[in-house]
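Asker: Let me give you the structure first, and then I'll get to my questions.
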Amino acid sequence: MLALTFVAVVLDGYDTIALGLSIPALAEEWGVSASHFTPALSLTSLGVALGYIAVGRLVARFGSKRVILAAVLLFTGGSLLTAAAPSLWELTVLRFATGLGLGAVMPAAVAHATVLNPPRLRQSIAVFVTMGISLGALLAGLLGSRLVGAYGWQSVFIAGGLASAVLFPLLWLGLPDERTVLGAVEPTAAQHGASVARLFDPGVRTRTVLLWGFSFLIFSVYYIFSSWLPTLLTSYGFSTGLAPLGSAALGVGSMIGAGLLMVGALRFRMTSVLAATTVAAIVFLTVSGFLGADKVLLLIVFGGVGLGLQAGMIGQAAVAVSLYPDRAAATGVGWASSMGRLGSVLGPIVGGALIALGASTSTIVLLACLPVVAALVLVIVLDRSTADPTDPTPAHH
């Protein structure tokens with residue numbers, strides 16, 4: 001069950017950045033500026049955000065297994081159709097629809113994996129499952145450069161669509177139905193537990209606001225780079241075939257960051273670990289703003305950027321799992337991640353506007369430090385809140 005939910009999230013991570021790493025080749029083939037793809041990138045993230053928002057009630061009504069299956073089916077079809085898109089308009093519409101499926105997969109998979117395991121393991125399991133996003137980004141970056149160079153941009157989407165089509169029957173047959181294992185919940189009780197109002201109960205409302213703000217800022221900056229890094233790297237002399245290696249560098253750093261989260265969570269509060277990784281993101285962003293055109297060094301430093309930012313994106317889901325009761329877990333994960341995804345709608349727009357205005361890569365990178373500093377302040381306040389030894393809320397258990 002853990003393996004299947006993990007692989008579903010891996011394919012989610014792969015497809016989420018597939019468009020970003022295809023843009024240099026797409027822009028060249030269609031004869032348009034890279035900034036013309038800003039609506040497609042942002043509407044992908046908007047679709048994902050809406051999927052996140054809806055997932056709590058969908059899980060409460062249909063169960064997490066059915067939601068995972070429906071979401072995988074939706075983004076499988078969306079990926080395969082994207083490969084046949086003849087214009088920017090069709091591409092944008094298809095990416096929005098695909099985003100709805102991508103958004104529902106991760107919180108449903110985390111909820112499914114954690115609810116069937118002991119509470120003491122849930123943060124580690126949430127980090128493990130969510131780490132699939134990082135591995136998916138890494139695979140997309142590594143495979144993307146070869147696929148785009150050999151078979152064109154369409155092959156990136158076809159590969160992802162075929163892989164998820166193979167996974168679908170395995171999920172159907174292999175995932176246990178949590179309602180059979182745990183027993184059915186009365187619909188009214190399930191709907192009440194899934195209500196977003198539960199995230200603003202007196203004991204957790206301040207932390208909900210802090211967590212949502214942290215997610216929004218971290219996601220917004222990460223998606224500037226996951227969407228535009230291949231394009232930005234072309235200004236340093238990377239070819240359209242090599243530019244996807246920037247996504248691979250982010251993915252490698254993301255995997256290391258996820259590993260640090262899993263190890264750190266065994267000894268420290270998750271919020272303390274997130275404060276440290278956010279500091280790392282600020283340091284690497286600052287360094288990258290002053291680098292020259294050394295390709296290897298650039299990839300290493302942007303790997304460090306991926307480490308810091310993706311750790312925040314993964315860790316916020318683990319914090320949400322521990323912050324709320326079981327019936328509200330999918331809602332908590334979904335809404336915290338949806339706040340992040342709203343940031344990921346804004347990030348590509350800001351990045352595209354700066355590119356269209358002719359801003360240098362170093363300028364864009366240094367400006368990106370500002371929201372990460374704000375995110376650091378929020379997570380430090382959240383950490384101090386969860387450190388209160390007299391606090392009885394679920395986050396401290």
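Going by the structure tokens order, chains are called A, B, ..., each with residues numbered from 1, while ligands are numbered from 1 in the order shown.
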I'd like to know which residues of region 188-353 of chain A are alpha helix (DSSP H) (by DSSP, run on the backbone); could you write them as an MDAnalysis selection string?

Answerer: chainID A and resid 188:193 205:234 245:264 270:288 295:323 329:353

Asker: Could you pull the residues within 8 Å of region 363-368 of chain A, counting only C-alpha atoms, minus those fewer than 2 positions along the same chain, as an NGL selection string?

Answerer: :A and (221 or 285-286 or 288-289 or 351 or 354 or 359-361 or 370-372)

Asker: Pick out the closest residue to Ala150 (chain A) from this set: A:Ala84, A:Ala25, A:Met131, A:Ala113. Count only C-alpha atoms.

Answerer: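 Closest residue, counting only C-alpha atoms: A:Ala25.
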
Asker: Between A:Met313, A:Val379, A:Met270, A:Leu242, single out the one closest to Pro24 (chain A), counting only C-alpha atoms.

Answerer: A:Leu242

Asker: Taking only C-alpha atoms into account, which of A:Ile355, A:Ser155, A:Leu233, A:Ser134 comes nearest Ile256 (chain A)?

Answerer: A:Ser134

Asker: For Val209 (chain A), list every protein, DNA or RNA residue within 12 Å, evaluated using only C-alpha atoms, and leave out those in the same chain fewer than 6 positions away; present the list as an MDAnalysis selection string.

Answerer: chainID A and resid 199:201 215:216 320 332 335:336 339 378:379 381:382

Asker: Kindly export the residues of the current selection with N, CA, C and O atoms, as a short mmCIF file (atom, residue, chain, number, x, y, z; two decimals), in the first residue's frame.

Answerer:
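File out04.cif, as written:
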```
data_model
loop_
_atom_site.label_atom_id
_atom_site.label_comp_id
_atom_site.auth_asym_id
_atom_site.auth_seq_id
_atom_site.Cartn_x
_atom_site.Cartn_y
_atom_site.Cartn_z
N LEU A 199 -10.60 23.15 10.73
CA LEU A 199 -9.22 23.65 10.71
C LEU A 199 -9.11 24.98 11.45
O LEU A 199 -8.00 25.48 11.64
N PHE A 200 -10.26 25.54 11.86
CA PHE A 200 -10.26 26.80 12.60
C PHE A 200 -10.87 26.64 13.99
O PHE A 200 -11.35 27.60 14.58
N ASP A 201 -10.84 25.40 14.50
CA ASP A 201 -11.20 25.20 15.90
C ASP A 201 -10.24 26.01 16.77
O ASP A 201 -9.09 26.25 16.39
N SER A 215 3.08 27.75 3.49
CA SER A 215 2.90 26.97 2.26
C SER A 215 2.80 27.88 1.04
O SER A 215 3.43 27.62 0.01
N PHE A 216 2.01 28.94 1.15
CA PHE A 216 1.83 29.86 0.02
C PHE A 216 3.16 30.43 -0.45
O PHE A 216 3.46 30.44 -1.65
N ALA A 320 0.65 19.18 8.72
CA ALA A 320 -0.81 19.15 8.67
C ALA A 320 -1.36 17.82 9.16
O ALA A 320 -2.39 17.78 9.85
N GLY A 332 -7.11 18.82 6.07
CA GLY A 332 -5.98 19.64 6.52
C GLY A 332 -4.84 19.64 5.54
O GLY A 332 -4.29 20.70 5.19
N TRP A 335 -6.08 21.48 2.20
CA TRP A 335 -6.18 22.94 2.25
C TRP A 335 -4.81 23.60 2.43
O TRP A 335 -4.54 24.64 1.82
N ALA A 336 -3.95 23.01 3.26
CA ALA A 336 -2.60 23.59 3.40
C ALA A 336 -1.87 23.55 2.06
O ALA A 336 -1.23 24.52 1.65
N MET A 339 -3.32 26.11 -0.40
CA MET A 339 -2.78 27.46 -0.20
C MET A 339 -1.42 27.58 -0.88
O MET A 339 -1.08 28.60 -1.48
N LEU A 378 7.44 32.93 9.52
CA LEU A 378 6.20 32.23 9.86
C LEU A 378 6.47 30.86 10.47
O LEU A 378 5.82 30.47 11.46
N VAL A 379 7.43 30.13 9.93
CA VAL A 379 7.66 28.78 10.45
C VAL A 379 8.35 28.83 11.81
O VAL A 379 8.16 27.93 12.65
N VAL A 381 7.66 31.14 14.10
CA VAL A 381 6.54 31.40 15.01
C VAL A 381 5.73 30.12 15.23
O VAL A 381 5.32 29.80 16.35
N LEU A 382 5.49 29.36 14.14
CA LEU A 382 4.76 28.10 14.25
C LEU A 382 5.51 27.10 15.12
O LEU A 382 4.92 26.38 15.93
#
```

Asker: Excluding region 47-55 of chain A and residues on its chain fewer than 6 positions from it, collect all residues at most 8 Å away from it, counting only C-alpha atoms, and give them as a count of residues only.

Answerer: 23

Asker: Could you tell me how far CA of Phe157 (chain A) lies from CA of Tyr14 (chain A), in Å and to one decimal?

Answerer: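 Value for the CA of Phe157 (chain A)-CA of Tyr14 (chain A) distance: 9.3 Å.
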